[in-house]
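Pasting protein.cif here (mmCIF, N, CA and C atoms):
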```
data_upload
#
loop_
_atom_site.label_atom_id
_atom_site.label_comp_id
_atom_site.auth_asym_id
_atom_site.auth_seq_id
_atom_site.Cartn_x
_atom_site.Cartn_y
_atom_site.Cartn_z
N MET A 1 -3.88 -8.18 16.08
CA MET A 1 -4.80 -7.27 15.43
C MET A 1 -6.22 -7.70 15.77
N LYS A 2 -7.05 -6.73 16.01
CA LYS A 2 -8.45 -7.00 16.32
C LYS A 2 -9.26 -7.11 15.03
N TYR A 3 -10.32 -7.91 15.10
CA TYR A 3 -11.24 -7.99 13.97
C TYR A 3 -12.67 -7.98 14.48
N ARG A 4 -13.56 -7.58 13.62
CA ARG A 4 -14.98 -7.59 13.93
C ARG A 4 -15.66 -8.55 12.97
N ILE A 5 -16.90 -8.87 13.22
CA ILE A 5 -17.64 -9.77 12.34
C ILE A 5 -18.52 -8.91 11.44
N ALA A 6 -18.42 -9.14 10.14
CA ALA A 6 -19.18 -8.35 9.17
C ALA A 6 -20.06 -9.26 8.32
N LYS A 7 -21.30 -8.85 8.13
CA LYS A 7 -22.23 -9.59 7.27
C LYS A 7 -22.12 -9.03 5.86
N ARG A 8 -21.89 -9.91 4.90
CA ARG A 8 -21.76 -9.47 3.51
C ARG A 8 -22.71 -10.28 2.63
N ILE A 9 -23.31 -9.60 1.68
CA ILE A 9 -24.27 -10.24 0.78
C ILE A 9 -23.62 -10.45 -0.57
N ASN A 10 -23.74 -11.67 -1.09
CA ASN A 10 -23.24 -11.99 -2.42
C ASN A 10 -24.22 -11.40 -3.43
N PRO A 11 -23.80 -10.45 -4.28
CA PRO A 11 -24.74 -9.81 -5.22
C PRO A 11 -25.25 -10.77 -6.31
N LEU A 12 -24.58 -11.88 -6.51
CA LEU A 12 -25.01 -12.83 -7.54
C LEU A 12 -26.21 -13.66 -7.11
N ASN A 13 -26.28 -13.99 -5.81
CA ASN A 13 -27.38 -14.85 -5.38
C ASN A 13 -28.09 -14.35 -4.12
N ASN A 14 -27.75 -13.17 -3.65
CA ASN A 14 -28.34 -12.53 -2.47
C ASN A 14 -28.18 -13.33 -1.18
N GLU A 15 -27.29 -14.31 -1.16
CA GLU A 15 -27.01 -15.04 0.07
C GLU A 15 -26.05 -14.22 0.92
N SER A 16 -26.28 -14.24 2.21
CA SER A 16 -25.37 -13.50 3.09
C SER A 16 -24.57 -14.47 3.94
N LYS A 17 -23.35 -14.06 4.22
CA LYS A 17 -22.45 -14.83 5.08
C LYS A 17 -21.72 -13.85 5.98
N PHE A 18 -21.13 -14.40 7.04
CA PHE A 18 -20.39 -13.59 7.99
C PHE A 18 -18.90 -13.82 7.81
N TYR A 19 -18.15 -12.73 7.88
CA TYR A 19 -16.71 -12.78 7.64
C TYR A 19 -15.98 -11.97 8.71
N PRO A 20 -14.74 -12.36 9.03
CA PRO A 20 -13.94 -11.47 9.87
C PRO A 20 -13.50 -10.26 9.04
N ALA A 21 -13.54 -9.09 9.66
CA ALA A 21 -13.11 -7.85 8.98
C ALA A 21 -12.14 -7.12 9.90
N PRO A 22 -11.06 -6.59 9.36
CA PRO A 22 -10.08 -5.91 10.22
C PRO A 22 -10.67 -4.71 10.94
N GLN A 23 -10.30 -4.56 12.18
CA GLN A 23 -10.68 -3.39 12.95
C GLN A 23 -9.42 -2.57 13.17
N TYR A 24 -9.33 -1.46 12.46
CA TYR A 24 -8.13 -0.64 12.51
C TYR A 24 -8.17 0.31 13.69
N MET A 25 -6.99 0.66 14.15
CA MET A 25 -6.85 1.69 15.17
C MET A 25 -6.88 3.03 14.44
N GLU A 26 -6.65 4.11 15.17
CA GLU A 26 -6.64 5.41 14.50
C GLU A 26 -5.50 5.47 13.48
N GLU A 27 -5.60 6.41 12.58
CA GLU A 27 -4.59 6.55 11.54
C GLU A 27 -3.38 7.29 12.10
N LEU A 28 -2.19 6.82 11.75
CA LEU A 28 -0.96 7.49 12.15
C LEU A 28 -0.60 8.53 11.08
N THR A 29 -0.20 9.70 11.50
CA THR A 29 0.22 10.74 10.57
C THR A 29 1.73 10.65 10.35
N LEU A 30 2.19 11.41 9.40
CA LEU A 30 3.63 11.49 9.15
C LEU A 30 4.37 12.00 10.39
N MET A 31 3.77 12.96 11.08
CA MET A 31 4.39 13.49 12.29
C MET A 31 4.42 12.43 13.40
N ASP A 32 3.38 11.61 13.50
CA ASP A 32 3.39 10.51 14.48
C ASP A 32 4.57 9.58 14.20
N LEU A 33 4.76 9.25 12.94
CA LEU A 33 5.89 8.38 12.57
C LEU A 33 7.22 9.06 12.86
N ALA A 34 7.31 10.34 12.54
CA ALA A 34 8.55 11.08 12.79
C ALA A 34 8.90 11.09 14.27
N LYS A 35 7.90 11.31 15.12
CA LYS A 35 8.14 11.32 16.57
C LYS A 35 8.61 9.95 17.05
N ASP A 36 7.96 8.90 16.56
CA ASP A 36 8.32 7.54 16.98
C ASP A 36 9.72 7.17 16.50
N ILE A 37 10.04 7.51 15.26
CA ILE A 37 11.38 7.23 14.71
C ILE A 37 12.43 8.03 15.47
N SER A 38 12.12 9.29 15.75
CA SER A 38 13.07 10.14 16.47
C SER A 38 13.40 9.57 17.85
N ASP A 39 12.43 8.97 18.50
CA ASP A 39 12.66 8.37 19.82
C ASP A 39 13.62 7.18 19.74
N ALA A 40 13.75 6.59 18.56
CA ALA A 40 14.57 5.38 18.41
C ALA A 40 15.94 5.67 17.79
N CYS A 41 16.26 6.95 17.56
CA CYS A 41 17.56 7.27 16.95
C CYS A 41 18.06 8.62 17.46
N THR A 42 19.15 9.09 16.89
CA THR A 42 19.74 10.35 17.35
C THR A 42 19.21 11.58 16.62
N LEU A 43 18.33 11.39 15.64
CA LEU A 43 17.78 12.54 14.91
C LEU A 43 16.63 13.15 15.70
N ASN A 44 16.45 14.46 15.55
CA ASN A 44 15.31 15.07 16.21
C ASN A 44 14.08 14.95 15.32
N VAL A 45 12.92 15.23 15.86
CA VAL A 45 11.64 15.07 15.16
C VAL A 45 11.60 15.87 13.87
N THR A 46 12.11 17.10 13.91
CA THR A 46 12.11 17.96 12.74
C THR A 46 12.92 17.36 11.60
N ASP A 47 14.08 16.80 11.91
CA ASP A 47 14.92 16.18 10.87
C ASP A 47 14.24 14.96 10.26
N VAL A 48 13.67 14.11 11.10
CA VAL A 48 12.99 12.91 10.59
C VAL A 48 11.80 13.32 9.73
N ASP A 49 11.02 14.30 10.21
CA ASP A 49 9.87 14.77 9.44
C ASP A 49 10.31 15.33 8.09
N ALA A 50 11.42 16.08 8.07
CA ALA A 50 11.93 16.64 6.81
C ALA A 50 12.33 15.53 5.83
N VAL A 51 12.98 14.50 6.33
CA VAL A 51 13.40 13.39 5.46
C VAL A 51 12.18 12.66 4.91
N LEU A 52 11.21 12.35 5.78
CA LEU A 52 10.01 11.63 5.31
C LEU A 52 9.21 12.48 4.32
N THR A 53 9.08 13.76 4.60
CA THR A 53 8.36 14.66 3.70
C THR A 53 9.06 14.74 2.35
N SER A 54 10.37 14.82 2.36
CA SER A 54 11.14 14.86 1.12
C SER A 54 10.97 13.57 0.33
N LEU A 55 11.00 12.43 1.02
CA LEU A 55 10.79 11.14 0.36
C LEU A 55 9.42 11.11 -0.32
N LEU A 56 8.39 11.54 0.39
CA LEU A 56 7.04 11.53 -0.17
C LEU A 56 6.90 12.50 -1.34
N ARG A 57 7.65 13.58 -1.31
CA ARG A 57 7.61 14.55 -2.40
C ARG A 57 8.31 14.00 -3.65
N LYS A 58 9.38 13.22 -3.45
CA LYS A 58 10.18 12.71 -4.56
C LYS A 58 9.61 11.42 -5.18
N LEU A 59 8.92 10.61 -4.39
CA LEU A 59 8.43 9.32 -4.90
C LEU A 59 7.63 9.44 -6.20
N PRO A 60 6.63 10.34 -6.29
CA PRO A 60 5.88 10.43 -7.54
C PRO A 60 6.75 10.75 -8.76
N MET A 61 7.74 11.61 -8.59
CA MET A 61 8.64 11.98 -9.68
C MET A 61 9.40 10.75 -10.19
N TYR A 62 9.93 9.95 -9.25
CA TYR A 62 10.67 8.75 -9.64
C TYR A 62 9.75 7.72 -10.29
N LEU A 63 8.57 7.55 -9.74
CA LEU A 63 7.62 6.59 -10.31
C LEU A 63 7.22 7.00 -11.73
N LYS A 64 6.91 8.29 -11.91
CA LYS A 64 6.51 8.78 -13.24
C LYS A 64 7.64 8.67 -14.25
N SER A 65 8.89 8.68 -13.77
CA SER A 65 10.04 8.54 -14.67
C SER A 65 10.33 7.08 -15.02
N GLY A 66 9.61 6.15 -14.39
CA GLY A 66 9.77 4.74 -14.73
C GLY A 66 10.69 3.96 -13.81
N PHE A 67 11.12 4.57 -12.71
CA PHE A 67 11.98 3.86 -11.78
C PHE A 67 11.17 2.90 -10.92
N LYS A 68 11.77 1.75 -10.57
CA LYS A 68 11.28 0.90 -9.51
C LYS A 68 12.04 1.36 -8.27
N ILE A 69 11.33 1.55 -7.18
CA ILE A 69 11.96 2.10 -5.98
C ILE A 69 12.05 1.02 -4.92
N GLN A 70 13.29 0.65 -4.58
CA GLN A 70 13.55 -0.34 -3.55
C GLN A 70 13.73 0.39 -2.23
N LEU A 71 12.85 0.11 -1.27
CA LEU A 71 12.89 0.78 0.03
C LEU A 71 13.39 -0.17 1.12
N GLY A 72 14.54 -0.75 0.89
CA GLY A 72 15.18 -1.61 1.88
C GLY A 72 14.30 -2.76 2.33
N ASN A 73 14.24 -2.95 3.64
CA ASN A 73 13.45 -4.05 4.20
C ASN A 73 11.96 -3.78 4.20
N PHE A 74 11.55 -2.64 3.66
CA PHE A 74 10.13 -2.32 3.56
C PHE A 74 9.54 -2.98 2.32
N GLY A 75 10.13 -2.78 1.16
CA GLY A 75 9.63 -3.38 -0.07
C GLY A 75 9.96 -2.55 -1.28
N ARG A 76 9.26 -2.83 -2.37
CA ARG A 76 9.52 -2.18 -3.65
C ARG A 76 8.22 -1.59 -4.19
N MET A 77 8.34 -0.40 -4.80
CA MET A 77 7.20 0.26 -5.44
C MET A 77 7.52 0.46 -6.92
N LYS A 78 6.47 0.39 -7.73
CA LYS A 78 6.62 0.71 -9.15
C LYS A 78 5.27 1.14 -9.69
N LEU A 79 5.32 1.91 -10.77
CA LEU A 79 4.12 2.36 -11.45
C LEU A 79 3.78 1.33 -12.52
N SER A 80 2.51 1.00 -12.64
CA SER A 80 2.07 0.07 -13.68
C SER A 80 0.79 0.61 -14.28
N PHE A 81 0.27 -0.07 -15.28
CA PHE A 81 -0.97 0.38 -15.90
C PHE A 81 -1.67 -0.77 -16.60
N SER A 82 -2.95 -0.57 -16.87
CA SER A 82 -3.76 -1.48 -17.69
C SER A 82 -3.96 -0.80 -19.02
N SER A 83 -4.23 -1.61 -20.05
CA SER A 83 -4.42 -1.03 -21.37
C SER A 83 -5.32 -1.90 -22.22
N LYS A 84 -5.79 -1.31 -23.32
CA LYS A 84 -6.56 -2.04 -24.32
C LYS A 84 -5.58 -2.78 -25.22
N GLY A 85 -6.01 -3.92 -25.74
CA GLY A 85 -5.18 -4.68 -26.67
C GLY A 85 -5.56 -4.43 -28.12
N PHE A 86 -4.61 -4.64 -29.03
CA PHE A 86 -4.84 -4.43 -30.45
C PHE A 86 -4.29 -5.61 -31.23
N ASP A 87 -4.87 -5.88 -32.38
CA ASP A 87 -4.39 -6.96 -33.24
C ASP A 87 -3.12 -6.54 -33.99
N ASN A 88 -3.01 -5.26 -34.29
CA ASN A 88 -1.90 -4.75 -35.08
C ASN A 88 -0.98 -3.92 -34.19
N PRO A 89 0.33 -4.23 -34.12
CA PRO A 89 1.23 -3.45 -33.25
C PRO A 89 1.31 -1.97 -33.64
N ASP A 90 1.06 -1.65 -34.90
CA ASP A 90 1.11 -0.25 -35.34
C ASP A 90 -0.04 0.58 -34.75
N ASP A 91 -1.09 -0.08 -34.27
CA ASP A 91 -2.23 0.62 -33.69
C ASP A 91 -2.00 1.00 -32.23
N VAL A 92 -0.96 0.45 -31.61
CA VAL A 92 -0.72 0.68 -30.19
C VAL A 92 -0.06 2.05 -29.98
N ASP A 93 -0.67 2.86 -29.12
CA ASP A 93 -0.07 4.12 -28.69
C ASP A 93 -0.50 4.40 -27.26
N SER A 94 -0.08 5.51 -26.71
CA SER A 94 -0.34 5.80 -25.30
C SER A 94 -1.83 5.95 -24.98
N SER A 95 -2.67 6.21 -25.98
CA SER A 95 -4.10 6.33 -25.70
C SER A 95 -4.72 4.98 -25.32
N ALA A 96 -3.99 3.88 -25.53
CA ALA A 96 -4.48 2.56 -25.16
C ALA A 96 -4.38 2.34 -23.64
N ILE A 97 -3.61 3.16 -22.95
CA ILE A 97 -3.46 3.02 -21.50
C ILE A 97 -4.71 3.55 -20.82
N THR A 98 -5.34 2.67 -20.01
CA THR A 98 -6.63 3.02 -19.42
C THR A 98 -6.57 3.34 -17.93
N THR A 99 -5.76 2.63 -17.18
CA THR A 99 -5.72 2.80 -15.73
C THR A 99 -4.28 2.74 -15.23
N LYS A 100 -3.91 3.73 -14.42
CA LYS A 100 -2.58 3.72 -13.80
C LYS A 100 -2.73 3.28 -12.35
N ARG A 101 -1.70 2.57 -11.84
CA ARG A 101 -1.72 2.17 -10.43
C ARG A 101 -0.30 2.01 -9.92
N ILE A 102 -0.18 2.13 -8.62
CA ILE A 102 1.11 1.91 -7.96
C ILE A 102 1.08 0.51 -7.37
N ILE A 103 2.10 -0.26 -7.67
CA ILE A 103 2.21 -1.61 -7.13
C ILE A 103 3.26 -1.60 -6.03
N PHE A 104 2.87 -2.11 -4.88
CA PHE A 104 3.80 -2.25 -3.77
C PHE A 104 4.00 -3.74 -3.50
N THR A 105 5.26 -4.16 -3.49
CA THR A 105 5.60 -5.55 -3.17
C THR A 105 6.42 -5.53 -1.88
N PRO A 106 5.85 -6.07 -0.81
CA PRO A 106 6.59 -6.06 0.45
C PRO A 106 7.82 -6.96 0.37
N SER A 107 8.83 -6.61 1.15
CA SER A 107 10.06 -7.41 1.20
C SER A 107 9.79 -8.73 1.91
N THR A 108 10.69 -9.68 1.74
CA THR A 108 10.60 -10.96 2.44
C THR A 108 10.61 -10.74 3.95
N GLU A 109 11.43 -9.81 4.41
CA GLU A 109 11.51 -9.52 5.84
C GLU A 109 10.18 -9.01 6.39
N LEU A 110 9.54 -8.10 5.65
CA LEU A 110 8.26 -7.56 6.09
C LEU A 110 7.19 -8.64 6.07
N LYS A 111 7.18 -9.47 5.03
CA LYS A 111 6.22 -10.57 4.97
C LYS A 111 6.39 -11.51 6.16
N THR A 112 7.64 -11.80 6.51
CA THR A 112 7.92 -12.69 7.64
C THR A 112 7.40 -12.08 8.94
N GLU A 113 7.61 -10.78 9.13
CA GLU A 113 7.11 -10.11 10.33
C GLU A 113 5.59 -10.18 10.41
N ILE A 114 4.92 -9.99 9.29
CA ILE A 114 3.46 -10.00 9.26
C ILE A 114 2.90 -11.39 9.56
N GLU A 115 3.65 -12.43 9.20
CA GLU A 115 3.20 -13.80 9.45
C GLU A 115 2.98 -14.06 10.95
N SER A 116 3.68 -13.33 11.80
CA SER A 116 3.60 -13.58 13.24
C SER A 116 2.44 -12.85 13.91
N VAL A 117 1.61 -12.12 13.15
CA VAL A 117 0.50 -11.38 13.75
C VAL A 117 -0.53 -12.35 14.32
N SER A 118 -1.08 -12.00 15.47
CA SER A 118 -2.16 -12.80 16.04
C SER A 118 -3.44 -11.99 15.97
N PHE A 119 -4.56 -12.68 15.91
CA PHE A 119 -5.85 -12.02 15.74
C PHE A 119 -6.74 -12.31 16.94
N SER A 120 -7.55 -11.32 17.32
CA SER A 120 -8.51 -11.51 18.40
C SER A 120 -9.79 -10.78 18.07
N LYS A 121 -10.90 -11.38 18.43
CA LYS A 121 -12.20 -10.82 18.13
C LYS A 121 -12.49 -9.65 19.07
N LEU A 122 -13.14 -8.63 18.56
CA LEU A 122 -13.53 -7.48 19.39
C LEU A 122 -14.58 -7.89 20.39
#
```
Written as structure tokens, that's how I'd like the structure from this file.
Amino acid sequence: MKYRIAKRINPLNNESKFYPAPQYMEELTLMDLAKDISDACTLNVTDVDAVLTSLLRKLPMYLKSGFKIQLGNFGRMKLSFSSKGFDNPDDVDSSAITTKRIIFTPSTELKTEIESVSFSKL
């Protein structure tokens, strides 16, 4: 993976330092993924695209229902939230929930693959 050098200023003391920052390639679309997956299996692009689109359509429903979604060697997704705390348990209700977020935990296999990445300066 390529990286660039970025200057960042610490807002607490106005000191600046230089850091490596990831340099991303163009964004891959769902169709790009479908074409690439189709080349590696017996399914045609339309079938792969339909499966991926269906997965993306269903994920929010499962997350909102409280399911943790295990995606094989990719990882696990779940819905979580932040909330305000109360001294009395009777005061706790859904209005205490302040921020919702999706948590993704990569699988051990994916983490191992990422460990082998090499970096080079632009």
_Length of the atom CA of A:Lys68 to atom N of A:Val92 vector [Å]_ =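 Separation between atom CA of A:Lys68 and atom N of A:Val92: 25.3 Å.
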*asked:* Would you pick out the contacts of A:Ile97 at 8 Å or less, using all atoms listed in the file, so that residues sharing its chain but fewer than 6 positions from it are not included, and give the list as an MDAnalysis selection string?
replied: chainID A and resid 81:85
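Here the PyMOL selection byres (((chain A and resi 5 and name CA) around 12) and name CA) captures the residues Lys2, Tyr3, Arg4, Ala6, Lys7, Arg8, Lys17, Phe18, Tyr19, Pro20, Ala21, Pro22, Gln23, Ser120, Lys121 and Leu122 of chain A.
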Would you write out those residues with N, CA and C atoms, as a PDB file, keeping the file's coordinate frame?
```
ATOM      1  N   LYS A   2      -7.050  -6.730  16.010  1.00  0.00           N
ATOM      2  CA  LYS A   2      -8.450  -7.000  16.320  1.00  0.00           C
ATOM      3  C   LYS A   2      -9.260  -7.110  15.030  1.00  0.00           C
ATOM      4  N   TYR A   3     -10.320  -7.910  15.100  1.00  0.00           N
ATOM      5  CA  TYR A   3     -11.240  -7.990  13.970  1.00  0.00           C
ATOM      6  C   TYR A   3     -12.670  -7.980  14.480  1.00  0.00           C
ATOM      7  N   ARG A   4     -13.560  -7.580  13.620  1.00  0.00           N
ATOM      8  CA  ARG A   4     -14.980  -7.590  13.930  1.00  0.00           C
ATOM      9  C   ARG A   4     -15.660  -8.550  12.970  1.00  0.00           C
ATOM     10  N   ALA A   6     -18.420  -9.140  10.140  1.00  0.00           N
ATOM     11  CA  ALA A   6     -19.180  -8.350   9.170  1.00  0.00           C
ATOM     12  C   ALA A   6     -20.060  -9.260   8.320  1.00  0.00           C
ATOM     13  N   LYS A   7     -21.300  -8.850   8.130  1.00  0.00           N
ATOM     14  CA  LYS A   7     -22.230  -9.590   7.270  1.00  0.00           C
ATOM     15  C   LYS A   7     -22.120  -9.030   5.860  1.00  0.00           C
ATOM     16  N   ARG A   8     -21.890  -9.910   4.900  1.00  0.00           N
ATOM     17  CA  ARG A   8     -21.760  -9.470   3.510  1.00  0.00           C
ATOM     18  C   ARG A   8     -22.710 -10.280   2.630  1.00  0.00           C
ATOM     19  N   LYS A  17     -23.350 -14.060   4.220  1.00  0.00           N
ATOM     20  CA  LYS A  17     -22.450 -14.830   5.080  1.00  0.00           C
ATOM     21  C   LYS A  17     -21.720 -13.850   5.980  1.00  0.00           C
ATOM     22  N   PHE A  18     -21.130 -14.400   7.040  1.00  0.00           N
ATOM     23  CA  PHE A  18     -20.390 -13.590   7.990  1.00  0.00           C
ATOM     24  C   PHE A  18     -18.900 -13.820   7.810  1.00  0.00           C
ATOM     25  N   TYR A  19     -18.150 -12.730   7.880  1.00  0.00           N
ATOM     26  CA  TYR A  19     -16.710 -12.780   7.640  1.00  0.00           C
ATOM     27  C   TYR A  19     -15.980 -11.970   8.710  1.00  0.00           C
ATOM     28  N   PRO A  20     -14.740 -12.360   9.030  1.00  0.00           N
ATOM     29  CA  PRO A  20     -13.940 -11.470   9.870  1.00  0.00           C
ATOM     30  C   PRO A  20     -13.500 -10.260   9.040  1.00  0.00           C
ATOM     31  N   ALA A  21     -13.540  -9.090   9.660  1.00  0.00           N
ATOM     32  CA  ALA A  21     -13.110  -7.850   8.980  1.00  0.00           C
ATOM     33  C   ALA A  21     -12.140  -7.120   9.900  1.00  0.00           C
ATOM     34  N   PRO A  22     -11.060  -6.590   9.360  1.00  0.00           N
ATOM     35  CA  PRO A  22     -10.080  -5.910  10.220  1.00  0.00           C
ATOM     36  C   PRO A  22     -10.670  -4.710  10.940  1.00  0.00           C
ATOM     37  N   GLN A  23     -10.300  -4.560  12.180  1.00  0.00           N
ATOM     38  CA  GLN A  23     -10.680  -3.390  12.950  1.00  0.00           C
ATOM     39  C   GLN A  23      -9.420  -2.570  13.170  1.00  0.00           C
ATOM     40  N   SER A 120      -7.550 -11.320  17.320  1.00  0.00           N
ATOM     41  CA  SER A 120      -8.510 -11.510  18.400  1.00  0.00           C
ATOM     42  C   SER A 120      -9.790 -10.780  18.070  1.00  0.00           C
ATOM     43  N   LYS A 121     -10.900 -11.380  18.430  1.00  0.00           N
ATOM     44  CA  LYS A 121     -12.200 -10.820  18.130  1.00  0.00           C
ATOM     45  C   LYS A 121     -12.490  -9.650  19.070  1.00  0.00           C
ATOM     46  N   LEU A 122     -13.140  -8.630  18.560  1.00  0.00           N
ATOM     47  CA  LEU A 122     -13.530  -7.480  19.390  1.00  0.00           C
ATOM     48  C   LEU A 122     -14.580  -7.890  20.390  1.00  0.00           C
TER      49      LEU A 122
END
```
*Long-range neighbours of A:Arg101 as a PyMOL selection string, 12 Å cut-off, only C-alpha atoms, 5 positions minimum in chain*: chain A and resi 60+63-64+77-83
*Step one, run DSSP on the backbone; step two, keep only residues of stretch 4-122 of chain A assigned to alpha helix (DSSP H); then write them as a ChimeraX atom specification.*
/A:30-39,45-64,108-115
*So how many Å separate atom C of A:Tyr24 and atom CA of A:Ile114, to one decimal?*
16.2 Å
Supply stretch 49-65 of chain A as a PDB file, in the coordinates of the input, with N, CA, C and O atoms built in where the input has gaps.
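Dumped to out.pdb:
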```
ATOM      1  N   ASP A  49      11.020  14.300  10.210  1.00  0.00           N
ATOM      2  CA  ASP A  49       9.870  14.770   9.440  1.00  0.00           C
ATOM      3  C   ASP A  49      10.310  15.330   8.090  1.00  0.00           C
ATOM      4  O   ASP A  49       9.677  15.067   7.062  1.00  0.00           O
ATOM      5  N   ALA A  50      11.420  16.080   8.070  1.00  0.00           N
ATOM      6  CA  ALA A  50      11.930  16.640   6.810  1.00  0.00           C
ATOM      7  C   ALA A  50      12.330  15.530   5.830  1.00  0.00           C
ATOM      8  O   ALA A  50      12.040  15.619   4.632  1.00  0.00           O
ATOM      9  N   VAL A  51      12.980  14.500   6.330  1.00  0.00           N
ATOM     10  CA  VAL A  51      13.400  13.390   5.460  1.00  0.00           C
ATOM     11  C   VAL A  51      12.180  12.660   4.910  1.00  0.00           C
ATOM     12  O   VAL A  51      12.095  12.374   3.710  1.00  0.00           O
ATOM     13  N   LEU A  52      11.210  12.350   5.780  1.00  0.00           N
ATOM     14  CA  LEU A  52      10.010  11.630   5.310  1.00  0.00           C
ATOM     15  C   LEU A  52       9.210  12.480   4.320  1.00  0.00           C
ATOM     16  O   LEU A  52       8.725  11.968   3.309  1.00  0.00           O
ATOM     17  N   THR A  53       9.080  13.760   4.600  1.00  0.00           N
ATOM     18  CA  THR A  53       8.360  14.660   3.700  1.00  0.00           C
ATOM     19  C   THR A  53       9.060  14.740   2.350  1.00  0.00           C
ATOM     20  O   THR A  53       8.412  14.706   1.293  1.00  0.00           O
ATOM     21  N   SER A  54      10.370  14.820   2.360  1.00  0.00           N
ATOM     22  CA  SER A  54      11.140  14.860   1.120  1.00  0.00           C
ATOM     23  C   SER A  54      10.970  13.570   0.330  1.00  0.00           C
ATOM     24  O   SER A  54      10.810  13.590  -0.898  1.00  0.00           O
ATOM     25  N   LEU A  55      11.000  12.430   1.020  1.00  0.00           N
ATOM     26  CA  LEU A  55      10.790  11.140   0.360  1.00  0.00           C
ATOM     27  C   LEU A  55       9.420  11.110  -0.320  1.00  0.00           C
ATOM     28  O   LEU A  55       9.311  10.740  -1.494  1.00  0.00           O
ATOM     29  N   LEU A  56       8.390  11.540   0.390  1.00  0.00           N
ATOM     30  CA  LEU A  56       7.040  11.530  -0.170  1.00  0.00           C
ATOM     31  C   LEU A  56       6.900  12.500  -1.340  1.00  0.00           C
ATOM     32  O   LEU A  56       6.117  12.264  -2.263  1.00  0.00           O
ATOM     33  N   ARG A  57       7.650  13.580  -1.310  1.00  0.00           N
ATOM     34  CA  ARG A  57       7.610  14.550  -2.400  1.00  0.00           C
ATOM     35  C   ARG A  57       8.310  14.000  -3.650  1.00  0.00           C
ATOM     36  O   ARG A  57       7.912  14.269  -4.778  1.00  0.00           O
ATOM     37  N   LYS A  58       9.380  13.220  -3.450  1.00  0.00           N
ATOM     38  CA  LYS A  58      10.180  12.710  -4.560  1.00  0.00           C
ATOM     39  C   LYS A  58       9.610  11.420  -5.180  1.00  0.00           C
ATOM     40  O   LYS A  58       9.841  11.147  -6.368  1.00  0.00           O
ATOM     41  N   LEU A  59       8.920  10.610  -4.390  1.00  0.00           N
ATOM     42  CA  LEU A  59       8.430   9.320  -4.900  1.00  0.00           C
ATOM     43  C   LEU A  59       7.630   9.440  -6.200  1.00  0.00           C
ATOM     44  O   LEU A  59       7.901   8.705  -7.159  1.00  0.00           O
ATOM     45  N   PRO A  60       6.630  10.340  -6.290  1.00  0.00           N
ATOM     46  CA  PRO A  60       5.880  10.430  -7.540  1.00  0.00           C
ATOM     47  C   PRO A  60       6.750  10.750  -8.760  1.00  0.00           C
ATOM     48  O   PRO A  60       6.541  10.203  -9.849  1.00  0.00           O
ATOM     49  N   MET A  61       7.740  11.610  -8.590  1.00  0.00           N
ATOM     50  CA  MET A  61       8.640  11.980  -9.680  1.00  0.00           C
ATOM     51  C   MET A  61       9.400  10.750 -10.190  1.00  0.00           C
ATOM     52  O   MET A  61       9.486  10.503 -11.387  1.00  0.00           O
ATOM     53  N   TYR A  62       9.930   9.950  -9.250  1.00  0.00           N
ATOM     54  CA  TYR A  62      10.670   8.750  -9.640  1.00  0.00           C
ATOM     55  C   TYR A  62       9.750   7.720 -10.290  1.00  0.00           C
ATOM     56  O   TYR A  62      10.122   7.090 -11.283  1.00  0.00           O
ATOM     57  N   LEU A  63       8.570   7.550  -9.740  1.00  0.00           N
ATOM     58  CA  LEU A  63       7.620   6.590 -10.310  1.00  0.00           C
ATOM     59  C   LEU A  63       7.220   7.000 -11.730  1.00  0.00           C
ATOM     60  O   LEU A  63       7.196   6.175 -12.647  1.00  0.00           O
ATOM     61  N   LYS A  64       6.910   8.290 -11.910  1.00  0.00           N
ATOM     62  CA  LYS A  64       6.510   8.780 -13.240  1.00  0.00           C
ATOM     63  C   LYS A  64       7.640   8.670 -14.250  1.00  0.00           C
ATOM     64  O   LYS A  64       7.401   8.548 -15.443  1.00  0.00           O
ATOM     65  N   SER A  65       8.890   8.680 -13.770  1.00  0.00           N
ATOM     66  CA  SER A  65      10.040   8.540 -14.670  1.00  0.00           C
ATOM     67  C   SER A  65      10.330   7.080 -15.020  1.00  0.00           C
ATOM     68  O   SER A  65      11.212   6.803 -15.826  1.00  0.00           O
TER      69      SER A  65
END
```
